[in-house]
Each structure stands twice: as C-alpha cells, then as structure tokens.
Amino acid sequence: MLAAHIELILLITGLATAGALVLFLAPVTMMTMLFGQAPADALSLIIARHWGLLVCLVGALLVYAAYHAEIRVPTMVVAIVEKAAFALGIFISPFRRRTPVLVMALADAGMAAAYLMYLAGR
C-alpha cells in the first residue's frame, strides 16, 4: 500500500519538513510562537537558525527522493533518525505540554513510522 504512494508521501512530508526554513528566516518569532521563549543569546540564535536550515534540507532531500528512487533509502534513513530524535526529545521534555510543539512531534513520529513501514515492506 505505502509503496504505491511513496512518491506522494515523500513529496507532502518533504514539503512539510522543508517548512522549517521559516525558523532559519525568523528564529526569534518562531521560537517564541512554538516554544514560548526566544533564543536567549547569540549562540542560541545561531543554533536555532542552523537547526531550521538542517531540517529544511532534510525536507528538500525527501522531495528530491520522491522523484529519484536511487536516493530514497538513505534519505529516508536520515529522515527517520532526525524525526525520531526530535519526537523523542519533545516527548520527554516539558515542551510536550505546548500544543504546537506536540503536534510537530506527533507528525514527525508518524512520518518516521510511515518511512519505517515502507522500508520494512520493500
């Protein structure tokens, strides 16, 4: 079932993941909206921007993998690790009580599960 729709799944989840570009462009606004606090200093600001860029690049790779089967497996493995680590980090932190962050963590956990099911069924 997943294999028949993997291109669309990768495209949609990749575009959603690439939306983290907004964190790179507006880290103070996004961190305040999502986590309820802005980066406290220059280092935190750099880390928030960098994280947003890296997550955006994972999303771009997922979109690319939708159209290039030869990179699909390694791209999905990287995405599974990134998404599972984020979800786990949120689930064990106090930020799980913030609805937008919890939604993001649940979405990432669901995406990682879908990618795992696809890879297991290959």
# chains A, B, ... in the order shown; residues from 1 in each chain; ligands from 1
call {"tool": "residues_around", "arguments": {"residues": "region 94-96 of chain A", "least_positions_apart": "3", "cutoff": "12 Å", "atoms": "only C-alpha atoms", "output": "number ranges by chain"}}
result
A: 31, 34-37, 86-91, 99-106
call {"tool": "residues_around", "arguments": {"residues": "Val55 (chain A)", "least_positions_apart": "4", "cutoff": "12 Å", "atoms": "only C-alpha atoms", "output": "PyMOL selection string"}}
result
chain A and resi 13-24+48-51+59-62+78-83+85-86+108
call {"tool": "residues_around", "arguments": {"residues": "Met76 (chain A)", "least_positions_apart": "4", "cutoff": "10 Å", "atoms": "only C-alpha atoms", "output": "list in words"}}
result
Leu10, Val58, Leu61, Leu62, Ala65, Ile71, Arg72, Ile80, Val81, Glu82, Met111, Ala112, Ala114, Tyr115, Leu116, Tyr118 and Leu119 of chain A
call {"tool": "residues_around", "arguments": {"residues": "Pro27 (chain A)", "least_positions_apart": "6", "cutoff": "9 Å", "atoms": "only C-alpha atoms", "output": "PyMOL selection string"}}
result
chain A and resi 38-39+45-46+48-49+52
call {"tool": "atom_distance", "arguments": {"atom1": "CA of Leu57 (chain A)", "atom2": "CA of Met33 (chain A)"}}
result
21.9 Å
call {"tool": "select_by_dssp", "arguments": {"residues": "chain A", "states": "alpha helix (DSSP H)", "output": "VMD selection string"}}
result
chain A and resid 6 to 18 21 to 25 27 to 35 42 to 67 72 to 91 99 to 120
call {"tool": "closest_residue", "arguments": {"among": "A:Ile47, A:Val73, A:Ala66, A:Ala40", "to": "Arg122 (chain A)", "atoms": "only C-alpha atoms"}}
result
A:Val73
call {"tool": "closest_residue", "arguments": {"among": "A:Thr75, A:Gly110, A:Val28, A:Ala69", "to": "Ala42 (chain A)", "atoms": "only C-alpha atoms"}}
result
A:Val28
call {"tool": "closest_residue", "arguments": {"among": "A:Met117, A:Cys56, A:Met30, A:Val77", "to": "Ile6 (chain A)", "atoms": "only C-alpha atoms"}}
result
A:Met117
call {"tool": "atom_distance", "arguments": {"atom1": "CA of Thr32 (chain A)", "atom2": "CA of Ile12 (chain A)"}}
result
26.0 Å
call {"tool": "atom_distance", "arguments": {"atom1": "CA of Ala4 (chain A)", "atom2": "CA of His68 (chain A)"}}
result
14.9 Å
